[in-house]
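Pasted below: input.cif, mmCIF, C-alpha atoms.
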data_upload
loop_
_atom_site.label_atom_id
_atom_site.label_comp_id
_atom_site.auth_asym_id
_atom_site.auth_seq_id
_atom_site.Cartn_x
_atom_site.Cartn_y
_atom_site.Cartn_z
CA MET A 30 17.64 -20.72 3.14
CA ALA A 31 15.87 -21.28 -0.19
CA LYS A 32 14.53 -18.24 -2.02
CA ILE A 33 10.76 -18.46 -2.56
CA PRO A 34 9.84 -17.85 -6.24
CA ARG A 35 7.88 -14.66 -7.02
CA ASN A 36 4.60 -16.42 -7.90
CA PHE A 37 4.62 -18.61 -4.77
CA ARG A 38 5.22 -15.53 -2.67
CA LEU A 39 2.41 -13.60 -4.36
CA LEU A 40 0.03 -16.57 -3.99
CA GLU A 41 0.82 -16.55 -0.26
CA GLU A 42 0.06 -12.83 -0.10
CA LEU A 43 -3.17 -13.28 -2.08
CA GLU A 44 -4.34 -15.99 0.31
CA LYS A 45 -3.49 -13.82 3.31
CA GLY A 46 -5.24 -10.79 1.77
CA GLU A 47 -8.39 -12.80 1.02
CA LYS A 48 -8.56 -14.06 4.60
CA GLY A 49 -8.43 -10.49 5.84
CA ILE A 50 -5.65 -11.01 8.35
CA GLY A 51 -5.18 -8.22 10.87
CA ASP A 52 -7.65 -5.73 12.30
CA GLY A 53 -9.37 -4.99 8.99
CA SER A 54 -7.95 -1.46 8.74
CA CYS A 55 -6.00 -2.46 5.61
CA SER A 56 -7.04 -4.89 2.90
CA TYR A 57 -5.74 -5.90 -0.51
CA GLY A 58 -6.39 -8.28 -3.39
CA LEU A 59 -5.76 -8.81 -7.08
CA GLU A 60 -7.26 -6.19 -9.41
CA ASP A 61 -8.15 -8.99 -11.86
CA GLY A 62 -8.49 -12.61 -10.72
CA ASP A 63 -7.30 -13.73 -14.16
CA ASP A 64 -3.97 -11.88 -13.86
CA ILE A 65 -1.66 -14.91 -13.95
CA MET A 66 1.40 -12.74 -13.30
CA MET A 67 -0.27 -11.35 -10.15
CA SER A 68 1.15 -7.89 -10.89
CA ASN A 69 -1.79 -5.53 -10.34
CA TRP A 70 -3.36 -5.22 -6.92
CA ASN A 71 -5.93 -3.01 -5.22
CA GLY A 72 -5.45 -1.88 -1.65
CA THR A 73 -7.69 -0.15 0.86
CA ILE A 74 -6.73 1.74 3.99
CA ILE A 75 -9.28 2.90 6.55
CA GLY A 76 -8.01 6.13 8.05
CA PRO A 77 -6.77 5.88 11.65
CA GLY A 78 -8.97 7.24 14.45
CA HIS A 79 -8.30 10.57 16.16
CA THR A 80 -6.73 11.99 12.98
CA VAL A 81 -8.00 14.01 10.00
CA HIS A 82 -8.15 10.63 8.19
CA GLU A 83 -10.64 9.09 10.63
CA ASN A 84 -13.49 7.19 8.91
CA ARG A 85 -12.08 7.91 5.45
CA ILE A 86 -11.53 5.03 3.06
CA TYR A 87 -8.49 5.35 0.81
CA SER A 88 -8.09 3.29 -2.36
CA LEU A 89 -4.66 2.43 -3.74
CA LYS A 90 -3.18 0.67 -6.74
CA ILE A 91 -0.18 -1.56 -6.07
CA THR A 92 2.01 -2.92 -8.86
CA CYS A 93 4.39 -5.80 -8.19
CA GLY A 94 7.01 -5.78 -10.92
CA GLU A 95 8.88 -8.82 -12.20
CA ASN A 96 11.60 -8.36 -9.53
CA TYR A 97 9.15 -8.40 -6.61
CA PRO A 98 9.78 -9.28 -3.75
CA ASP A 99 13.44 -8.40 -4.27
CA ALA A 100 12.31 -4.93 -5.37
CA PRO A 101 9.48 -2.99 -3.71
CA PRO A 102 6.07 -2.61 -5.36
CA GLN A 103 4.97 0.67 -6.90
CA VAL A 104 2.20 2.26 -4.87
CA GLN A 105 -0.28 4.89 -6.03
CA PHE A 106 -3.20 6.45 -4.21
CA LEU A 107 -6.40 6.59 -6.27
CA SER A 108 -8.12 8.55 -3.49
CA ARG A 109 -6.80 12.08 -2.98
CA VAL A 110 -4.70 12.42 0.15
CA ASN A 111 -2.28 15.04 1.42
CA LEU A 112 0.81 13.25 2.75
CA PRO A 113 4.47 14.29 2.29
CA PHE A 114 5.38 11.09 0.42
CA VAL A 115 2.45 11.26 -2.05
CA ASN A 116 2.78 13.14 -5.35
CA GLN A 117 -0.10 15.65 -5.39
CA THR A 118 -0.44 15.46 -9.19
CA ASN A 119 -0.81 11.71 -9.74
CA GLY A 120 -1.06 10.06 -6.29
CA LYS A 121 2.16 8.07 -6.67
CA VAL A 122 4.01 7.26 -3.46
CA ASP A 123 7.63 8.43 -3.59
CA PRO A 124 9.61 5.34 -2.52
CA HIS A 125 12.49 7.54 -1.30
CA ASN A 126 10.26 9.31 1.23
CA LEU A 127 8.54 6.27 2.73
CA PRO A 128 10.91 4.18 4.88
CA VAL A 129 9.17 0.84 4.22
CA LEU A 130 9.91 1.30 0.50
CA SER A 131 13.28 3.07 0.72
CA SER A 132 14.72 0.36 2.99
CA TRP A 133 12.83 -2.49 1.31
CA SER A 134 13.61 -6.06 2.27
CA ARG A 135 12.21 -9.17 0.65
CA ASN A 136 10.60 -9.98 4.01
CA SER A 137 8.30 -6.99 3.52
CA SER A 138 4.96 -7.46 1.78
CA ILE A 139 1.97 -5.61 0.33
CA GLU A 140 0.40 -5.79 3.78
CA THR A 141 3.54 -4.31 5.37
CA VAL A 142 3.38 -1.35 2.97
CA LEU A 143 -0.30 -0.64 3.65
CA VAL A 144 0.14 -0.93 7.43
CA GLU A 145 3.18 1.39 7.35
CA ILE A 146 1.33 3.99 5.24
CA ARG A 147 -1.52 3.88 7.78
CA LYS A 148 1.00 4.38 10.62
CA GLU A 149 2.38 7.41 8.75
CA MET A 150 -1.16 8.84 8.53
CA ALA A 151 -1.35 8.67 12.33
CA SER A 152 2.13 10.12 12.95
CA MET A 153 2.48 13.45 14.74
CA ASN A 154 3.58 15.18 11.53
CA ASN A 155 0.68 13.92 9.39
CA ARG A 156 -2.31 13.40 11.69
CA LYS A 157 -3.59 16.99 11.33
CA LEU A 158 -2.55 17.85 7.76
CA PRO A 159 -5.39 19.53 5.83
CA GLN A 160 -6.98 16.98 3.47
CA PRO A 161 -8.79 17.28 0.15
CA PRO A 162 -12.59 16.79 0.19
CA GLU A 163 -13.58 13.24 1.12
CA GLY A 164 -14.24 11.05 -1.91
CA SER A 165 -12.08 13.08 -4.33
CA MET A 166 -9.83 11.06 -6.62
CA PHE A 167 -6.52 11.58 -8.44
#

Have the structure of the file written as structure tokens, please.
Amino acid sequence: MAKIPRNFRLLEELEKGEKGIGDGSCSYGLEDGDDIMMSNWNGTIIGPGHTVHENRIYSLKITCGENYPDAPPQVQFLSRVNLPFVNQTNGKVDPHNLPVLSSWSRNSSIETVLVEIRKEMASMNNRKLPQPPEGSMF
């Protein structure tokens, strides 16, 4: 099977993100519409219900390096959140502690990462973790 070039793949993801595919609990788009390399993205996760994250809106920065989608994107929370895979100093997601990043495949996408982070928020281990005040940022 032919390997889709990075920019074609990112254009596909941009189109999908703009259409708002899914249930609306995760969204993403380019930080700057003029970014021809399509490297810098913004993401949003709405906290899952029946957890300490319920009704919270989390903002993230996603960076797709030149080897994306062969290599995973770098993900950083801008909103403060207490999760075991998030560095509490700078909000960066540790790729070794988040399965979707540690076992990255080129079939994964920005959407996959956001959806998986949201699933982790709702997991038994994380759903009741004490959280910083709503609206606080890294």

task = Taking the file as shown, find all residues satisfying the PyMOL selection byres ((chain A and resi 81-97) around 7) and write them as a VMD selection string.
result = chain A and resid 35 68 to 80 98 to 108 156 to 157

Separation of atom CA of Ser131 of chain A from atom CA of Lys148 of chain A, in Å and rounded to one decimal =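 Atom-to-atom, atom CA of Ser131 of chain A to atom CA of Lys148 of chain A, that is 15.8 Å.
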
query = Quick one, how far is atom CA of Ile139 of chain A from atom CA of Gln117 of chain A?
reply = 22.1 Å

inquiry  = Could you tell me how far atom CA of Gly51 of chain A sits from atom CA of Pro159 of chain A, in Å to one decimal place?
reply    =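 Computing the Euclidean distance for atom CA of Pro159 of chain A and atom CA of Gly51 of chain A yields 28.2 Å.
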
message = Taking (2.4, -16.7, -6.2) in the coordinates of the supplied file, I want to know which residues reach to within 12 Å of it, counting all atoms listed in the file; could you give the answer as a count of residues only?
response = 23

query = Looking at all atoms listed in the file, which of A:Asp61, A:Glu145, A:Glu163, A:Glu140 is the one that sits closest to Asn111 of chain A?
reply =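 Answer, going by the shortest atom-to-atom distance: A:Glu163.
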
message = From the options A:Leu143, A:Met153, A:Leu112, A:Met166, which residue's atoms come nearest to Gly53 of chain A, counting all atoms listed in the file?
response = A:Leu143

Missing atoms in segment 110-136 of chain A: fill them in up to N, CA, C and O atoms and send the result as a JSON list (two decimals), keeping the file's coordinate frame.
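Okay, this is what ended up in out_28.json:
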[["chain", "number", "residue", "atom", "x", "y", "z"],
["A", 110, "VAL", "N", -5.17, 12.34, -1.23],
["A", 110, "VAL", "CA", -4.70, 12.42, 0.15],
["A", 110, "VAL", "C", -3.52, 13.38, 0.18],
["A", 110, "VAL", "O", -2.76, 13.47, -0.79],
["A", 111, "ASN", "N", -3.40, 14.13, 1.26],
["A", 111, "ASN", "CA", -2.28, 15.04, 1.42],
["A", 111, "ASN", "C", -1.31, 14.42, 2.43],
["A", 111, "ASN", "O", -1.56, 14.47, 3.63],
["A", 112, "LEU", "N", -0.26, 13.81, 1.93],
["A", 112, "LEU", "CA", 0.81, 13.25, 2.75],
["A", 112, "LEU", "C", 2.14, 13.60, 2.09],
["A", 112, "LEU", "O", 2.22, 13.67, 0.86],
["A", 113, "PRO", "N", 3.20, 13.82, 2.87],
["A", 113, "PRO", "CA", 4.47, 14.29, 2.29],
["A", 113, "PRO", "C", 5.10, 13.33, 1.29],
["A", 113, "PRO", "O", 5.87, 13.76, 0.44],
["A", 114, "PHE", "N", 4.77, 12.07, 1.33],
["A", 114, "PHE", "CA", 5.38, 11.09, 0.42],
["A", 114, "PHE", "C", 4.48, 10.76, -0.77],
["A", 114, "PHE", "O", 4.79, 9.85, -1.54],
["A", 115, "VAL", "N", 3.38, 11.50, -0.94],
["A", 115, "VAL", "CA", 2.45, 11.26, -2.05],
["A", 115, "VAL", "C", 2.49, 12.44, -3.02],
["A", 115, "VAL", "O", 2.31, 13.58, -2.62],
["A", 116, "ASN", "N", 2.76, 12.13, -4.31],
["A", 116, "ASN", "CA", 2.78, 13.14, -5.35],
["A", 116, "ASN", "C", 1.37, 13.71, -5.50],
["A", 116, "ASN", "O", 0.41, 12.95, -5.73],
["A", 117, "GLN", "N", 1.23, 15.02, -5.38],
["A", 117, "GLN", "CA", -0.10, 15.65, -5.39],
["A", 117, "GLN", "C", -0.70, 15.78, -6.79],
["A", 117, "GLN", "O", -1.85, 16.16, -6.94],
["A", 118, "THR", "N", 0.07, 15.41, -7.82],
["A", 118, "THR", "CA", -0.44, 15.46, -9.19],
["A", 118, "THR", "C", -1.06, 14.12, -9.60],
["A", 118, "THR", "O", -2.12, 14.08, -10.19],
["A", 119, "ASN", "N", -0.37, 13.02, -9.25],
["A", 119, "ASN", "CA", -0.81, 11.71, -9.74],
["A", 119, "ASN", "C", -1.05, 10.66, -8.64],
["A", 119, "ASN", "O", -1.45, 9.54, -8.93],
["A", 120, "GLY", "N", -0.80, 11.00, -7.38],
["A", 120, "GLY", "CA", -1.06, 10.06, -6.29],
["A", 120, "GLY", "C", 0.02, 9.03, -6.06],
["A", 120, "GLY", "O", -0.10, 8.18, -5.18],
["A", 121, "LYS", "N", 1.10, 9.08, -6.83],
["A", 121, "LYS", "CA", 2.16, 8.07, -6.67],
["A", 121, "LYS", "C", 2.94, 8.31, -5.37],
["A", 121, "LYS", "O", 3.25, 9.44, -5.01],
["A", 122, "VAL", "N", 3.22, 7.20, -4.69],
["A", 122, "VAL", "CA", 4.01, 7.26, -3.46],
["A", 122, "VAL", "C", 5.48, 7.31, -3.85],
["A", 122, "VAL", "O", 5.95, 6.47, -4.63],
["A", 123, "ASP", "N", 6.20, 8.29, -3.32],
["A", 123, "ASP", "CA", 7.63, 8.43, -3.59],
["A", 123, "ASP", "C", 8.36, 7.42, -2.71],
["A", 123, "ASP", "O", 8.40, 7.57, -1.49],
["A", 124, "PRO", "N", 8.96, 6.39, -3.32],
["A", 124, "PRO", "CA", 9.61, 5.34, -2.52],
["A", 124, "PRO", "C", 10.77, 5.86, -1.67],
["A", 124, "PRO", "O", 11.11, 5.27, -0.66],
["A", 125, "HIS", "N", 11.36, 7.01, -2.06],
["A", 125, "HIS", "CA", 12.49, 7.54, -1.30],
["A", 125, "HIS", "C", 12.04, 8.21, -0.01],
["A", 125, "HIS", "O", 12.84, 8.40, 0.90],
["A", 126, "ASN", "N", 10.76, 8.59, 0.06],
["A", 126, "ASN", "CA", 10.26, 9.31, 1.23],
["A", 126, "ASN", "C", 9.40, 8.46, 2.16],
["A", 126, "ASN", "O", 8.83, 8.99, 3.11],
["A", 127, "LEU", "N", 9.29, 7.17, 1.86],
["A", 127, "LEU", "CA", 8.54, 6.27, 2.73],
["A", 127, "LEU", "C", 9.48, 5.14, 3.15],
["A", 127, "LEU", "O", 9.87, 4.32, 2.32],
["A", 128, "PRO", "N", 9.88, 5.13, 4.43],
["A", 128, "PRO", "CA", 10.91, 4.18, 4.88],
["A", 128, "PRO", "C", 10.67, 2.72, 4.50],
["A", 128, "PRO", "O", 11.60, 2.03, 4.12],
["A", 129, "VAL", "N", 9.42, 2.24, 4.55],
["A", 129, "VAL", "CA", 9.17, 0.84, 4.22],
["A", 129, "VAL", "C", 9.56, 0.52, 2.78],
["A", 129, "VAL", "O", 9.95, -0.61, 2.47],
["A", 130, "LEU", "N", 9.51, 1.51, 1.89],
["A", 130, "LEU", "CA", 9.91, 1.30, 0.50],
["A", 130, "LEU", "C", 11.38, 1.62, 0.28],
["A", 130, "LEU", "O", 12.07, 0.91, -0.45],
["A", 131, "SER", "N", 11.88, 2.68, 0.94],
["A", 131, "SER", "CA", 13.28, 3.07, 0.72],
["A", 131, "SER", "C", 14.25, 2.06, 1.32],
["A", 131, "SER", "O", 15.35, 1.88, 0.82],
["A", 132, "SER", "N", 13.84, 1.38, 2.39],
["A", 132, "SER", "CA", 14.72, 0.36, 2.99],
["A", 132, "SER", "C", 14.08, -1.02, 2.83],
["A", 132, "SER", "O", 14.04, -1.82, 3.75],
["A", 133, "TRP", "N", 13.56, -1.26, 1.64],
["A", 133, "TRP", "CA", 12.83, -2.49, 1.31],
["A", 133, "TRP", "C", 13.65, -3.73, 1.59],
["A", 133, "TRP", "O", 14.84, -3.79, 1.30],
["A", 134, "SER", "N", 12.99, -4.74, 2.14],
["A", 134, "SER", "CA", 13.61, -6.06, 2.27],
["A", 134, "SER", "C", 12.62, -7.08, 1.73],
["A", 134, "SER", "O", 11.41, -6.84, 1.75],
["A", 135, "ARG", "N", 13.12, -8.20, 1.25],
["A", 135, "ARG", "CA", 12.21, -9.17, 0.65],
["A", 135, "ARG", "C", 11.28, -9.79, 1.69],
["A", 135, "ARG", "O", 10.34, -10.49, 1.34],
["A", 136, "ASN", "N", 11.52, -9.51, 2.96],
["A", 136, "ASN", "CA", 10.60, -9.98, 4.01],
["A", 136, "ASN", "C", 9.37, -9.08, 4.12],
["A", 136, "ASN", "O", 8.39, -9.44, 4.76]]
